Amino acid sequence: MALLTICDQNRTLHDEREIRDYLLKLGINYERWPTSERVAADASADQVLEAYAEEIEKLKASGGYVTADLIDVTPDTPGLDEMLAKFDREHWHDEDEVRFIVSGGGLFHIHSKSGEVVAIEVRAGDLIRVPRGTLHWFNLCADRRIRAIRIFQAKSGWTPHYSESRVDRNYAPVCFGRAGGEEVSVQRAPR
């Protein structure tokens, strides 16, 4: 399940309802989809998409989305550093960014219109919808693995538009998680 850190307060929310409600105030939709035993870890992209076909179709109908695919990133993904460099700078898109995490995890930072920055660590079962025009950036967690269903409003996908604000450079690209049973939080710090 996701963890939500309100960066400037160094406060982390763990409760699903609290996370959903807090993100909703920022215009971000968050929900949980069932994952247990839905698909094998080595399932093909087609098998994963078929396993979540009902949920995908509901999202398509409610949000005007037209296509879905599966991205499977591992430390061995060719060009991984170049690919990640496109997403770890503050940017926005002309359409929603919708992700359902099948396995692995990552960290979305959201820079709200009020100037607040929150970090959402997403893990298997988390669905996040970042509306078009929302300033954000994304990093993988330390294991550099994520398998996610991506849902798009145009078959061509989306293009990042960079803000060049460099706000993202004030926040460490570190997933929170738990280390040895202790909560690990992200600190606002230059990198």
# chains A, B, ... in the order shown; residues from 1 in each chain; ligands from 1

call {"tool": "select_by_dssp", "arguments": {"residues": "stretch 100-180 of chain A", "states": "strand (DSSP E)", "output": "ChimeraX atom specification"}}
result
/A:100-111,117-123,126-130,135-140,146-152,161-162,178-179

call {"tool": "atom_distance", "arguments": {"atom1": "atom CA of A:Arg169", "atom2": "atom CA of A:Glu90"}}
result
8.9 Å

call {"tool": "residues_around", "arguments": {"residues": "stretch 96-113 of chain A", "least_positions_apart": "3", "cutoff": "9 Å", "atoms": "only C-alpha atoms", "output": "ChimeraX atom specification"}}
result
/A:26-28,32-33,35,41,48,63,73,90,93,116-153,158,167-168,171,173-176

call {"tool": "atom_distance", "arguments": {"atom1": "atom CA of A:Thr74", "atom2": "atom CA of A:Thr159"}}
result
22.2 Å

call {"tool": "select_by_dssp", "arguments": {"residues": "stretch 64-183 of chain A", "states": "alpha helix (DSSP H)", "output": "PyMOL selection string"}}
result
chain A and resi 80-85

call {"tool": "closest_residue", "arguments": {"among": "A:Arg17, A:Ala154, A:Ser165, A:Met1", "to": "A:Lys60", "atoms": "only C-alpha atoms"}}
result
A:Ala154

call {"tool": "closest_residue", "arguments": {"among": "A:Lys155, A:Ala172, A:Glu31, A:Leu4", "to": "A:Gly64", "atoms": "only C-alpha atoms"}}
result
A:Lys155

call {"tool": "atom_distance", "arguments": {"atom1": "atom CA of A:Ser163", "atom2": "atom CA of A:Glu82"}}
result
18.6 Å
